[in-house]
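my_file-v5.cif follows (mmCIF, C-alpha atoms):
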data_upload
#
loop_
_atom_site.group_PDB
_atom_site.id
_atom_site.type_symbol
_atom_site.label_atom_id
_atom_site.label_comp_id
_atom_site.auth_asym_id
_atom_site.auth_seq_id
_atom_site.Cartn_x
_atom_site.Cartn_y
_atom_site.Cartn_z
ATOM 1 C CA MET A 1 12.035 9.156 16.969
ATOM 2 C CA GLU A 2 14.729 6.676 17.867
ATOM 3 C CA ASN A 3 17.615 5.757 15.570
ATOM 4 C CA VAL A 4 16.999 8.568 13.082
ATOM 5 C CA LYS A 5 19.397 11.325 12.042
ATOM 6 C CA ALA A 6 18.930 14.222 9.629
ATOM 7 C CA VAL A 7 21.094 16.145 7.193
ATOM 8 C CA VAL A 8 20.008 19.618 6.067
ATOM 9 C CA LEU A 9 21.691 20.799 2.854
ATOM 10 C CA ALA A 10 22.448 24.488 3.393
ATOM 11 C CA ALA A 11 25.612 25.158 1.381
ATOM 12 C CA GLY A 12 24.206 26.765 -1.775
ATOM 13 C CA GLU A 13 24.593 30.400 -2.720
ATOM 14 C CA GLY A 14 21.073 30.865 -4.069
ATOM 15 C CA THR A 15 22.035 33.148 -6.954
ATOM 16 C CA ARG A 16 18.465 33.319 -8.271
ATOM 17 C CA MET A 17 17.544 35.323 -5.168
ATOM 18 C CA LYS A 18 19.599 38.191 -6.680
ATOM 19 C CA SER A 19 20.828 39.308 -3.277
ATOM 20 C CA ARG A 20 24.179 39.687 -1.530
ATOM 21 C CA LEU A 21 22.637 37.879 1.408
ATOM 22 C CA ILE A 22 22.623 34.100 1.221
ATOM 23 C CA LYS A 23 19.174 32.845 0.267
ATOM 24 C CA LEU A 24 18.747 30.823 3.461
ATOM 25 C CA ALA A 25 19.188 33.925 5.623
ATOM 26 C CA HIS A 26 16.147 35.636 4.101
ATOM 27 C CA THR A 27 13.286 35.689 6.555
ATOM 28 C CA LEU A 28 9.786 34.329 6.560
ATOM 29 C CA ASP A 29 7.611 35.251 9.547
ATOM 30 C CA SER A 30 10.680 36.588 11.419
ATOM 31 C CA GLN A 31 12.615 33.331 10.942
ATOM 32 C CA ALA A 32 15.489 32.614 8.575
ATOM 33 C CA LEU A 33 14.513 30.142 5.868
ATOM 34 C CA VAL A 34 17.139 27.645 7.025
ATOM 35 C CA SER A 35 15.548 27.557 10.488
ATOM 36 C CA PHE A 36 12.367 25.920 9.211
ATOM 37 C CA PRO A 37 13.635 22.478 8.119
ATOM 38 C CA VAL A 38 16.106 22.329 11.022
ATOM 39 C CA ASN A 39 13.446 23.098 13.638
ATOM 40 C CA THR A 40 11.005 20.715 11.962
ATOM 41 C CA CYS A 41 13.509 17.884 12.355
ATOM 42 C CA LEU A 42 13.881 18.650 16.065
ATOM 43 C CA LYS A 43 10.112 18.875 16.580
ATOM 44 C CA SER A 44 9.646 15.515 14.842
ATOM 45 C CA GLY A 45 11.863 13.897 17.467
ATOM 46 C CA ILE A 46 15.143 13.679 15.525
ATOM 47 C CA LYS A 47 17.865 14.371 18.079
ATOM 48 C CA GLU A 48 20.902 14.778 15.810
ATOM 49 C CA VAL A 49 20.829 17.195 12.887
ATOM 50 C CA ILE A 50 23.862 17.663 10.633
ATOM 51 C CA VAL A 51 23.944 20.877 8.601
ATOM 52 C CA VAL A 52 26.063 21.084 5.446
ATOM 53 C CA VAL A 53 27.265 24.668 5.028
ATOM 54 C CA GLY A 54 29.310 26.392 2.333
ATOM 55 C CA TYR A 55 28.564 29.866 1.008
ATOM 56 C CA GLN A 56 28.423 32.348 3.926
ATOM 57 C CA ALA A 57 28.898 29.397 6.287
ATOM 58 C CA ASP A 58 29.459 31.611 9.337
ATOM 59 C CA LYS A 59 26.183 33.406 8.673
ATOM 60 C CA VAL A 60 24.238 30.135 8.581
ATOM 61 C CA LYS A 61 25.953 28.916 11.753
ATOM 62 C CA SER A 62 25.154 32.170 13.558
ATOM 63 C CA LEU A 63 21.484 31.862 12.590
ATOM 64 C CA LEU A 64 21.154 28.282 13.822
ATOM 65 C CA GLY A 65 23.469 28.280 16.829
ATOM 66 C CA LYS A 66 25.552 25.593 18.485
ATOM 67 C CA GLY A 67 23.080 22.730 18.826
ATOM 68 C CA PHE A 68 24.031 21.081 15.541
ATOM 69 C CA LYS A 69 26.928 19.345 13.816
ATOM 70 C CA TYR A 70 28.283 21.335 10.868
ATOM 71 C CA VAL A 71 30.241 20.080 7.866
ATOM 72 C CA PHE A 72 31.735 22.297 5.186
ATOM 73 C CA GLN A 73 31.326 21.932 1.412
ATOM 74 C CA ASP A 74 34.175 24.038 0.039
ATOM 75 C CA LYS A 75 33.090 23.820 -3.609
ATOM 76 C CA ARG A 76 29.408 23.850 -4.459
ATOM 77 C CA LEU A 77 29.313 20.766 -6.670
ATOM 78 C CA GLY A 78 25.708 19.753 -6.113
ATOM 79 C CA THR A 79 23.508 17.959 -3.591
ATOM 80 C CA GLY A 80 25.207 14.601 -4.045
ATOM 81 C CA ASP A 81 28.577 16.092 -3.203
ATOM 82 C CA ALA A 82 27.053 18.002 -0.266
ATOM 83 C CA LEU A 83 25.725 14.825 1.320
ATOM 84 C CA LYS A 84 29.075 13.152 0.712
ATOM 85 C CA ARG A 85 30.663 15.791 2.990
ATOM 86 C CA ALA A 86 28.470 14.499 5.839
ATOM 87 C CA ALA A 87 29.271 10.819 5.198
ATOM 88 C CA PRO A 88 32.195 10.570 7.684
ATOM 89 C CA LEU A 89 29.794 11.458 10.522
ATOM 90 C CA LEU A 90 27.433 8.659 9.455
ATOM 91 C CA LYS A 91 29.739 5.750 8.595
ATOM 92 C CA ASP A 92 28.880 3.768 11.735
ATOM 93 C CA PHE A 93 25.206 4.753 11.862
ATOM 94 C CA LYS A 94 22.754 1.979 11.028
ATOM 95 C CA GLY A 95 19.431 3.799 11.298
ATOM 96 C CA GLU A 96 17.354 5.975 9.008
ATOM 97 C CA LEU A 97 18.671 9.199 7.535
ATOM 98 C CA VAL A 98 16.307 12.045 6.632
ATOM 99 C CA VAL A 99 17.747 14.487 4.081
ATOM 100 C CA LEU A 100 16.182 17.913 3.503
ATOM 101 C CA PRO A 101 17.007 21.057 1.539
ATOM 102 C CA GLY A 102 17.629 24.209 3.545
ATOM 103 C CA ASP A 103 14.764 26.061 1.842
ATOM 104 C CA ALA A 104 11.757 23.929 2.820
ATOM 105 C CA PRO A 105 9.643 26.259 4.991
ATOM 106 C CA PHE A 106 6.420 24.230 4.928
ATOM 107 C CA ILE A 107 7.632 20.767 5.810
ATOM 108 C CA THR A 108 5.919 19.652 9.029
ATOM 109 C CA PRO A 109 6.983 17.365 11.893
ATOM 110 C CA SER A 110 4.039 15.068 11.228
ATOM 111 C CA THR A 111 5.111 14.667 7.591
ATOM 112 C CA ILE A 112 8.643 13.721 8.652
ATOM 113 C CA VAL A 113 7.278 11.150 11.117
ATOM 114 C CA LYS A 114 4.948 9.750 8.460
ATOM 115 C CA LEU A 115 7.828 9.519 5.974
ATOM 116 C CA VAL A 116 10.043 7.577 8.401
ATOM 117 C CA ASN A 117 7.225 5.279 9.523
ATOM 118 C CA TYR A 118 6.298 4.429 5.934
ATOM 119 C CA HIS A 119 9.955 3.801 5.111
ATOM 120 C CA ARG A 120 10.264 1.399 8.028
ATOM 121 C CA LYS A 121 6.978 -0.381 7.398
ATOM 122 C CA GLU A 122 7.849 -1.106 3.753
ATOM 123 C CA LYS A 123 11.512 -1.955 4.543
ATOM 124 C CA LEU A 124 12.829 0.397 1.864
ATOM 125 C CA ALA A 125 16.278 1.534 0.782
ATOM 126 C CA ALA A 126 14.895 5.003 0.033
ATOM 127 C CA THR A 127 11.602 6.875 0.324
ATOM 128 C CA ILE A 128 11.014 10.125 -1.560
ATOM 129 C CA LEU A 129 8.493 12.700 -0.403
ATOM 130 C CA THR A 130 6.589 13.821 -3.489
ATOM 131 C CA ALA A 131 3.567 15.937 -4.418
ATOM 132 C CA LEU A 132 1.279 16.530 -7.365
ATOM 133 C CA LEU A 133 1.623 20.056 -8.731
ATOM 134 C CA PRO A 134 -0.627 21.515 -11.437
ATOM 135 C CA SER A 135 2.393 23.321 -12.926
ATOM 136 C CA PRO A 136 5.551 21.363 -12.015
ATOM 137 C CA GLY A 137 7.893 23.984 -13.490
ATOM 138 C CA SER A 138 11.522 23.434 -12.504
ATOM 139 C CA TYR A 139 10.887 20.577 -10.078
ATOM 140 C CA GLY A 140 12.394 17.154 -10.749
ATOM 141 C CA ARG A 141 9.912 14.605 -12.121
ATOM 142 C CA ILE A 142 9.210 11.207 -10.555
ATOM 143 C CA ILE A 143 9.570 8.335 -13.027
ATOM 144 C CA ARG A 144 7.835 5.210 -11.755
ATOM 145 C CA ASN A 145 8.385 1.603 -12.733
ATOM 146 C CA GLY A 146 5.104 -0.018 -11.874
ATOM 147 C CA TYR A 147 2.753 0.910 -9.054
ATOM 148 C CA LYS A 148 5.155 1.598 -6.173
ATOM 149 C CA GLN A 149 8.743 1.390 -7.323
ATOM 150 C CA VAL A 150 10.368 4.679 -8.350
ATOM 151 C CA LYS A 151 12.758 4.096 -11.227
ATOM 152 C CA LYS A 152 14.464 7.494 -11.252
ATOM 153 C CA ILE A 153 14.121 11.227 -10.729
ATOM 154 C CA VAL A 154 14.732 13.438 -13.743
ATOM 155 C CA GLU A 155 15.714 17.067 -13.218
ATOM 156 C CA SER A 156 13.484 19.411 -15.218
ATOM 157 C CA LYS A 157 16.354 20.811 -17.289
ATOM 158 C CA ASP A 158 17.436 17.275 -18.230
ATOM 159 C CA ALA A 159 13.920 15.903 -18.852
ATOM 160 C CA ALA A 160 12.547 14.820 -22.213
ATOM 161 C CA PRO A 161 9.350 16.596 -23.378
ATOM 162 C CA GLU A 162 7.120 13.675 -22.322
ATOM 163 C CA GLU A 163 8.800 13.559 -18.903
ATOM 164 C CA ARG A 164 8.081 17.249 -18.342
ATOM 165 C CA GLU A 165 4.360 16.401 -18.615
ATOM 166 C CA ILE A 166 4.581 14.380 -15.387
ATOM 167 C CA ARG A 167 2.982 16.217 -12.464
ATOM 168 C CA GLU A 168 4.400 14.183 -9.581
ATOM 169 C CA VAL A 169 7.485 16.035 -8.406
ATOM 170 C CA ASN A 170 10.419 15.519 -6.089
ATOM 171 C CA SER A 171 10.430 17.586 -2.894
ATOM 172 C CA GLY A 172 14.142 17.055 -2.263
ATOM 173 C CA ILE A 173 13.162 15.410 1.044
ATOM 174 C CA TYR A 174 14.150 11.768 1.509
ATOM 175 C CA CYS A 175 14.414 8.987 4.038
ATOM 176 C CA PHE A 176 17.288 6.565 3.422
ATOM 177 C CA ASP A 177 18.602 3.342 4.857
ATOM 178 C CA THR A 178 21.948 4.909 5.769
ATOM 179 C CA GLN A 179 24.110 1.862 5.168
ATOM 180 C CA LYS A 180 22.569 1.278 1.727
ATOM 181 C CA LEU A 181 23.045 4.937 0.810
ATOM 182 C CA LEU A 182 26.620 5.708 1.858
ATOM 183 C CA PRO A 183 28.498 3.236 -0.395
ATOM 184 C CA LEU A 184 26.726 4.648 -3.461
ATOM 185 C CA LEU A 185 27.617 8.317 -2.981
ATOM 186 C CA SER A 186 30.984 7.807 -4.684
ATOM 187 C CA TYR A 187 29.235 6.394 -7.780
ATOM 188 C CA ILE A 188 27.311 9.588 -8.543
ATOM 189 C CA GLU A 189 28.626 11.213 -11.733
ATOM 190 C CA SER A 190 28.449 14.812 -12.945
ATOM 191 C CA ASN A 191 27.407 14.090 -16.541
ATOM 192 C CA ASN A 192 24.470 16.514 -16.643
ATOM 193 C CA THR A 193 23.808 20.003 -17.987
ATOM 194 C CA LYS A 194 25.167 21.703 -14.841
ATOM 195 C CA GLY A 195 28.167 19.436 -14.297
ATOM 196 C CA GLU A 196 27.042 18.791 -10.716
ATOM 197 C CA TYR A 197 26.653 15.668 -8.597
ATOM 198 C CA TYR A 198 22.901 15.206 -8.186
ATOM 199 C CA LEU A 199 21.679 13.342 -5.120
ATOM 200 C CA THR A 200 18.687 12.322 -7.248
ATOM 201 C CA ASP A 201 20.994 9.950 -9.181
ATOM 202 C CA ILE A 202 21.078 7.757 -6.075
ATOM 203 C CA ILE A 203 17.608 6.494 -7.024
ATOM 204 C CA GLU A 204 18.855 4.909 -10.262
ATOM 205 C CA LEU A 205 21.877 3.449 -8.452
ATOM 206 C CA LEU A 206 19.575 1.816 -5.898
ATOM 207 C CA ASN A 207 17.417 0.442 -8.715
ATOM 208 C CA GLU A 208 20.468 -1.059 -10.413
ATOM 209 C CA ARG A 209 21.072 -3.019 -7.217
ATOM 210 C CA LYS A 210 17.428 -4.230 -7.125
ATOM 211 C CA LEU A 211 16.678 -2.292 -3.938
ATOM 212 C CA LYS A 212 13.242 -0.960 -3.067
ATOM 213 C CA VAL A 213 12.539 2.750 -3.622
ATOM 214 C CA HIS A 214 9.066 4.194 -3.050
ATOM 215 C CA ALA A 215 7.493 7.642 -3.095
ATOM 216 C CA LEU A 216 5.217 8.933 -0.361
ATOM 217 C CA MET A 217 2.908 11.576 -1.763
ATOM 218 C CA ALA A 218 2.163 14.516 0.523
ATOM 219 C CA ASN A 219 -1.499 15.325 1.099
ATOM 220 C CA ASN A 220 -0.758 19.050 0.919
ATOM 221 C CA PRO A 221 1.470 20.063 -2.014
ATOM 222 C CA ASP A 222 2.631 23.156 -0.091
ATOM 223 C CA VAL A 223 5.021 21.025 1.963
ATOM 224 C CA VAL A 224 7.282 20.478 -1.065
ATOM 225 C CA LEU A 225 7.528 24.126 -2.079
ATOM 226 C CA GLY A 226 10.996 25.647 -1.925
ATOM 227 C CA VAL A 227 12.179 29.242 -2.099
ATOM 228 C CA ASN A 228 14.713 30.092 -4.800
ATOM 229 C CA THR A 229 13.634 33.491 -6.125
ATOM 230 C CA PRO A 230 12.129 36.732 -4.770
ATOM 231 C CA GLU A 231 8.843 35.721 -6.398
ATOM 232 C CA GLU A 232 8.844 32.375 -4.585
ATOM 233 C CA LEU A 233 9.570 34.153 -1.307
ATOM 234 C CA LYS A 234 6.501 36.350 -1.884
ATOM 235 C CA ARG A 235 4.476 33.209 -2.638
ATOM 236 C CA ALA A 236 5.691 31.665 0.628
ATOM 237 C CA TRP A 237 4.563 34.751 2.562
ATOM 238 C CA LYS A 238 1.094 34.476 0.993
ATOM 239 C CA ILE A 239 0.826 30.777 1.897
ATOM 240 C CA LEU A 240 1.927 31.501 5.451
ATOM 241 C CA LYS A 241 -0.635 34.295 5.866
ATOM 242 C CA LYS A 242 -3.345 32.000 4.504
ATOM 243 C CA LYS A 243 -2.399 29.292 7.017
ATOM 244 C CA LYS A 244 -2.558 31.806 9.857
ATOM 245 C CA ARG A 245 -6.010 32.968 8.800
ATOM 246 C CA LYS A 246 -7.248 29.363 8.809
ATOM 247 C CA LYS A 247 -5.924 28.874 12.338
#
Can you give me the file's structure in the form of structure tokens?
Amino acid sequence: MENVKAVVLAAGEGTRMKSRLIKLAHTLDSQALVSFPVNTCLKSGIKEVIVVVGYQADKVKSLLGKGFKYVFQDKRLGTGDALKRAAPLLKDFKGELVVLPGDAPFITPSTIVKLVNYHRKEKLAATILTALLPSPGSYGRIIRNGYKQVKKIVESKDAAPEEREIREVNSGIYCFDTQKLLPLLSYIESNNTKGEYYLTDIIELLNERKLKVHALMANNPDVVLGVNTPEELKRAWKILKKKKRKK
């Protein structure tokens, strides 16, 4: 894909994994978790991938190698702050920016291509990859304003009871118009239960400026599944084995 760059957010410690090893270094099918979204970006045709590192940064770099641009997030202040670290490398870039979490093992190249193509076709400021989950759990909920426009994303821990009933969830995977995104990163505030800068707050900021934000729902909900705990890693292994049996 021409005129597309990607940022993979790989700075978090992953404390829920209850391991001395950074979460993203845990393996799935002989590959480190962080390798999956990075390799998916390359296979989709994205030529430049920026990786935001922090906790055990050298470990992540050694797993991925030299073919990427790395930026360092010294304090883990949330996804919004992490993306802000990459902003200096993007200030003159006028194409689309795909942003992914480092723990997205089931995202596929075809899904990335579909996300970017939809974003371009609809001339959007932001496109969010979403999925319908029967039990949304800790995933952020998609709050729509009408048929297509997404009004905001509410983190599960900050959601009202009626918002927690919503089954459409945020994957943490986005496509942005880079030049509409970058000026808003400094407006993200940390007034939430964790005191972090949530990238999800960008959606409300775009809405305030009357810019178009849509969600593209994945056909297979597996593509949005992350890995944050030992139990979720076991679940990922089961999904992977099931996919191999089907092949």
message: Residues near Leu132 in chain A, anyone? I mean within 12 Å using all atoms listed in the file, not counting same-chain ones fewer than 3 positions away, as a count of residues only.
response: 26
statement: CA of Ser44 in chain A to CA of Leu64 in chain A measures 17.2 Å
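In this model, the gap between CA of Pro37 in chain A and CA of Pro109 in chain A comes to 9.2 Å.
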message: Need the shell around range 4-10 of chain A: protein/DNA/RNA residues with any atom at most 10 Å away, counting all atoms listed in the file. Skip same-chain ones fewer than 6 positions apart. Format as number ranges by chain?
response: A: 22-24, 34, 37-38, 41-42, 45-57, 60, 69-73, 78-80, 82-83, 86-87, 90, 93-104, 116, 172-178
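For the structure in this document, the set picked by the PyMOL selection byres ((chain A and resi 157) around 8) is A:Ser138, A:Glu155, A:Ser156, A:Asp158, A:Ala159, A:Thr193.
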- request: Could you list the residues chosen by the PyMOL selection byres ((chain A and resi 16) around 10) in this structure as number ranges by chain?
  value: A: 13-15, 17-19, 23, 227-230
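Separating CA of Leu28 in chain A from CA of Phe106 in chain A is a distance of 10.8 Å.
For the set A:Asn145, A:Ser190, A:Asn207, A:Ser30, the residue with the smallest atom-to-atom gap to Leu124 in chain A is A:Asn207, counting all atoms listed in the file.
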query: Near Leu185 in chain A, within 8 Å and counting all atoms listed in the file, which residues show up once chain neighbours fewer than 6 positions away are dropped, as a ChimeraX atom specification?
result: /A:80-81,84,202
Using only C-alpha atoms, which residues sit within 12 Å of Arg209 in chain A once same-chain residues fewer than 3 positions away are excluded, as a PDB file with C-alpha atoms, keeping the file's coordinate frame?
ATOM      1  CA  ALA A 125      16.278   1.534   0.782  1.00  0.00           C
ATOM      2  CA  LYS A 151      12.758   4.096 -11.227  1.00  0.00           C
ATOM      3  CA  LYS A 180      22.569   1.278   1.727  1.00  0.00           C
ATOM      4  CA  LEU A 181      23.045   4.937   0.810  1.00  0.00           C
ATOM      5  CA  PRO A 183      28.498   3.236  -0.395  1.00  0.00           C
ATOM      6  CA  LEU A 184      26.726   4.648  -3.461  1.00  0.00           C
ATOM      7  CA  ILE A 202      21.078   7.757  -6.075  1.00  0.00           C
ATOM      8  CA  ILE A 203      17.608   6.494  -7.024  1.00  0.00           C
ATOM      9  CA  GLU A 204      18.855   4.909 -10.262  1.00  0.00           C
ATOM     10  CA  LEU A 205      21.877   3.449  -8.452  1.00  0.00           C
ATOM     11  CA  LEU A 206      19.575   1.816  -5.898  1.00  0.00           C
ATOM     12  CA  LYS A 212      13.242  -0.960  -3.067  1.00  0.00           C
ATOM     13  CA  VAL A 213      12.539   2.750  -3.622  1.00  0.00           C
TER      14      VAL A 213
END
